[in-house]
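Trainee: My questions all concern the structure below.
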Amino acid sequence: MTSPLQSYGDEATFERRTTGDYPSKSSIIGMIAAALGYSREDPRISQLNDLNFAVRIDQAGQMLTDFHTVEWKKNVRKITYRDYIQDAVFVVAVGSNDDQQITKIHNALRHPHYQLFLGRRANVPAGVLLMEELDDKNPVTVLENLGWQVSPWSQKVYRKQNPGKMFPKVDIYADANLLNDHHSVMVKDRVGSFDQRNRYFGYRAMSTERVQLTHSCIAVDESTEHDALSAL
């Protein structure tokens, strides 16, 4: 998952809306629900909480703060702030013992009923989502073995900044039941309702681990030759 800007709801006030460092499970559930054509009030959304979830940060990106001047009351103006993650790359894996459910979600994300976005409506994906169905039902195992997903240019920048290193160590955040031998924390990220009249979230247990990547899914062309007329 990548886009010039992404933003995943964290604690927010009228004056400031922050973002988490990576896609939350609730944001992915919202994306899946949109793809399936569920309305915000659809009770089937709560069933998506049962999906196994993990996310890997392949490129952390940088934080960007935008500001707006709003007229809060007559002749009273305030500055509000919104935080975004720019130029980040995330890999999300969801799993289920119900193979038909995974196939249904896969097809829906290929042909979404509603527009997909990465946190906020203005943050659309940078292209068609790259997806693959795998036999392994554990999202953590999948992410531990999946190659690096960043662009060739970003790979070159990393290796220039880290001489002697080909691939980085990356963080995986997952449902705690997928990392039983790791410390867990409670996060307010279980979808209760997306209904704008009564939006609320419960808590779920989350764990994290750091893994060493050993290969890339995107080949790097080390050639420096360039033919400016090759496209003619």
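Residues in the structure tokens are numbered from 1 in each chain, the chains being A, B, ... in the order shown, and ligands are numbered from 1 in the order shown.
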Just the residues within 12 Å of Trp72 in chain A, please, counting only C-alpha atoms, with nothing from its chain fewer than 6 positions along; format it as a ChimeraX atom specification.
Mentor: /A:14-15,78-80
Trainee: Kindly save the residues from that selection, with N, CA, C and O atoms included, as a compact mmCIF listing (two decimals), in the first residue's frame.
Mentor:
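Heads up, here's the output in selection04.txt:
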```txt
# COMPACT_ATOMS: atom_id res chain seq x y z
N PHE A 14 -10.78 18.97 17.50
CA PHE A 14 -11.18 19.87 16.42
C PHE A 14 -9.96 20.55 15.82
O PHE A 14 -9.86 20.74 14.60
N GLU A 15 -8.99 20.90 16.67
CA GLU A 15 -7.84 21.68 16.20
C GLU A 15 -6.75 20.81 15.59
O GLU A 15 -5.97 21.29 14.77
N LYS A 78 -9.66 30.18 13.57
CA LYS A 78 -8.73 29.26 14.22
C LYS A 78 -7.90 28.55 13.15
O LYS A 78 -8.35 28.37 12.02
N ILE A 79 -6.72 28.13 13.55
CA ILE A 79 -5.88 27.31 12.68
C ILE A 79 -6.01 25.86 13.15
O ILE A 79 -5.83 25.56 14.32
N THR A 80 -6.35 24.97 12.22
CA THR A 80 -6.43 23.55 12.53
C THR A 80 -5.33 22.81 11.77
O THR A 80 -4.88 23.26 10.72
```
Trainee: Name all residues at most 6 Å from range 55-60 of chain A (count only C-alpha atoms; drop same-chain ones fewer than 3 positions away) and give them as a PDB file with all heavy atoms, in the first residue's frame.
Mentor:
```pdb
ATOM      1  N   ALA A  88       5.300   6.691   2.085  1.00  0.00           N
ATOM      2  CA  ALA A  88       5.479   5.459   2.851  1.00  0.00           C
ATOM      3  C   ALA A  88       5.012   4.251   2.042  1.00  0.00           C
ATOM      4  O   ALA A  88       4.186   4.370   1.137  1.00  0.00           O
ATOM      5  CB  ALA A  88       4.702   5.537   4.165  1.00  0.00           C
ATOM      6  N   VAL A  89       5.560   3.083   2.393  1.00  0.00           N
ATOM      7  CA  VAL A  89       5.152   1.823   1.763  1.00  0.00           C
ATOM      8  C   VAL A  89       4.854   0.823   2.877  1.00  0.00           C
ATOM      9  O   VAL A  89       5.709   0.558   3.726  1.00  0.00           O
ATOM     10  CB  VAL A  89       6.250   1.260   0.835  1.00  0.00           C
ATOM     11  CG1 VAL A  89       5.800  -0.080   0.245  1.00  0.00           C
ATOM     12  CG2 VAL A  89       6.586   2.244  -0.267  1.00  0.00           C
ATOM     13  N   PHE A  90       3.641   0.282   2.862  1.00  0.00           N
ATOM     14  CA  PHE A  90       3.219  -0.706   3.848  1.00  0.00           C
ATOM     15  C   PHE A  90       2.755  -1.978   3.140  1.00  0.00           C
ATOM     16  O   PHE A  90       2.229  -1.917   2.027  1.00  0.00           O
ATOM     17  CB  PHE A  90       2.064  -0.170   4.702  1.00  0.00           C
ATOM     18  CG  PHE A  90       2.368   1.133   5.393  1.00  0.00           C
ATOM     19  CD1 PHE A  90       1.778   2.321   4.967  1.00  0.00           C
ATOM     20  CD2 PHE A  90       3.256   1.188   6.460  1.00  0.00           C
ATOM     21  CE1 PHE A  90       2.053   3.527   5.588  1.00  0.00           C
ATOM     22  CE2 PHE A  90       3.543   2.385   7.095  1.00  0.00           C
ATOM     23  CZ  PHE A  90       2.935   3.564   6.666  1.00  0.00           C
ATOM     24  N   VAL A  91       2.961  -3.100   3.803  1.00  0.00           N
ATOM     25  CA  VAL A  91       2.452  -4.376   3.291  1.00  0.00           C
ATOM     26  C   VAL A  91       1.489  -4.927   4.336  1.00  0.00           C
ATOM     27  O   VAL A  91       1.868  -5.121   5.496  1.00  0.00           O
ATOM     28  CB  VAL A  91       3.591  -5.383   3.042  1.00  0.00           C
ATOM     29  CG1 VAL A  91       3.028  -6.641   2.374  1.00  0.00           C
ATOM     30  CG2 VAL A  91       4.677  -4.771   2.176  1.00  0.00           C
ATOM     31  N   VAL A  92       0.252  -5.142   3.939  1.00  0.00           N
ATOM     32  CA  VAL A  92      -0.790  -5.613   4.852  1.00  0.00           C
ATOM     33  C   VAL A  92      -1.174  -7.036   4.475  1.00  0.00           C
ATOM     34  O   VAL A  92      -1.308  -7.362   3.292  1.00  0.00           O
ATOM     35  CB  VAL A  92      -2.031  -4.703   4.780  1.00  0.00           C
ATOM     36  CG1 VAL A  92      -3.189  -5.299   5.571  1.00  0.00           C
ATOM     37  CG2 VAL A  92      -1.693  -3.313   5.297  1.00  0.00           C
ATOM     38  N   ASP A 171       9.679  -3.576  10.869  1.00  0.00           N
ATOM     39  CA  ASP A 171       8.760  -3.876  11.974  1.00  0.00           C
ATOM     40  C   ASP A 171       7.449  -4.449  11.444  1.00  0.00           C
ATOM     41  O   ASP A 171       6.911  -3.973  10.439  1.00  0.00           O
ATOM     42  CB  ASP A 171       8.474  -2.614  12.781  1.00  0.00           C
ATOM     43  CG  ASP A 171       9.693  -2.131  13.549  1.00  0.00           C
ATOM     44  OD1 ASP A 171      10.462  -2.987  14.026  1.00  0.00           O
ATOM     45  OD2 ASP A 171       9.885  -0.902  13.669  1.00  0.00           O
ATOM     46  N   ILE A 172       6.942  -5.449  12.158  1.00  0.00           N
ATOM     47  CA  ILE A 172       5.633  -6.034  11.876  1.00  0.00           C
ATOM     48  C   ILE A 172       4.750  -5.816  13.099  1.00  0.00           C
ATOM     49  O   ILE A 172       5.159  -6.102  14.227  1.00  0.00           O
ATOM     50  CB  ILE A 172       5.737  -7.547  11.572  1.00  0.00           C
ATOM     51  CG1 ILE A 172       6.520  -7.783  10.276  1.00  0.00           C
ATOM     52  CG2 ILE A 172       4.347  -8.176  11.476  1.00  0.00           C
ATOM     53  CD1 ILE A 172       6.759  -9.255   9.966  1.00  0.00           C
ATOM     54  N   TYR A 173       3.543  -5.292  12.862  1.00  0.00           N
ATOM     55  CA  TYR A 173       2.546  -5.108  13.922  1.00  0.00           C
ATOM     56  C   TYR A 173       1.389  -6.050  13.610  1.00  0.00           C
ATOM     57  O   TYR A 173       0.873  -6.050  12.491  1.00  0.00           O
ATOM     58  CB  TYR A 173       2.066  -3.666  13.968  1.00  0.00           C
ATOM     59  CG  TYR A 173       3.154  -2.685  14.349  1.00  0.00           C
ATOM     60  CD1 TYR A 173       4.018  -2.159  13.390  1.00  0.00           C
ATOM     61  CD2 TYR A 173       3.314  -2.282  15.671  1.00  0.00           C
ATOM     62  CE1 TYR A 173       5.017  -1.268  13.739  1.00  0.00           C
ATOM     63  CE2 TYR A 173       4.313  -1.388  16.025  1.00  0.00           C
ATOM     64  CZ  TYR A 173       5.163  -0.889  15.060  1.00  0.00           C
ATOM     65  OH  TYR A 173       6.150  -0.017  15.413  1.00  0.00           O
TER      66      TYR A 173
END
```
Trainee: Nearest residue to Leu179 in chain A out of A:Ser207, A:Thr69, A:Asn198, A:Asn162, using only C-alpha atoms?
Mentor: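 Among the listed residues, A:Ser207 lies closest to Leu179 in chain A.
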Trainee: Nearest residue to Gln86 in chain A out of A:Met63, A:Met1, A:Ile102, A:Met206, using only C-alpha atoms?
Mentor: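 Nearest candidate to Gln86 in chain A out of A:Met63, A:Met1, A:Ile102, A:Met206: A:Met63.
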Trainee: Among range 52-211 of chain A, which residues does DSSP mark as helix (DSSP H, G or I) when it is run on the backbone? Keep the chain and numbering as in the structure and answer as a PyMOL selection string.
Mentor: chain A and resi 99-110+139-145+152-161+176-178
Trainee: In Å, with one decimal, what is the gap from CA of Asp195 in chain A to CA of Gly95 in chain A?
Mentor: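 CA of Gly95 in chain A lies 25.4 Å from CA of Asp195 in chain A.
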Trainee: Can you pull out every residue within 7 Å of range 124-140 of chain A, counting only C-alpha atoms, but drop anything in the same chain fewer than 6 positions away, and send it as a list in words?
Mentor: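 The residues satisfying every condition are Met1, Thr2, Ser3, Asn52, Phe53, Ala54, Ala93, Val94, Gly95, Ser96, Asn97, Leu116, Phe117, Leu118 and Leu178 of chain A.
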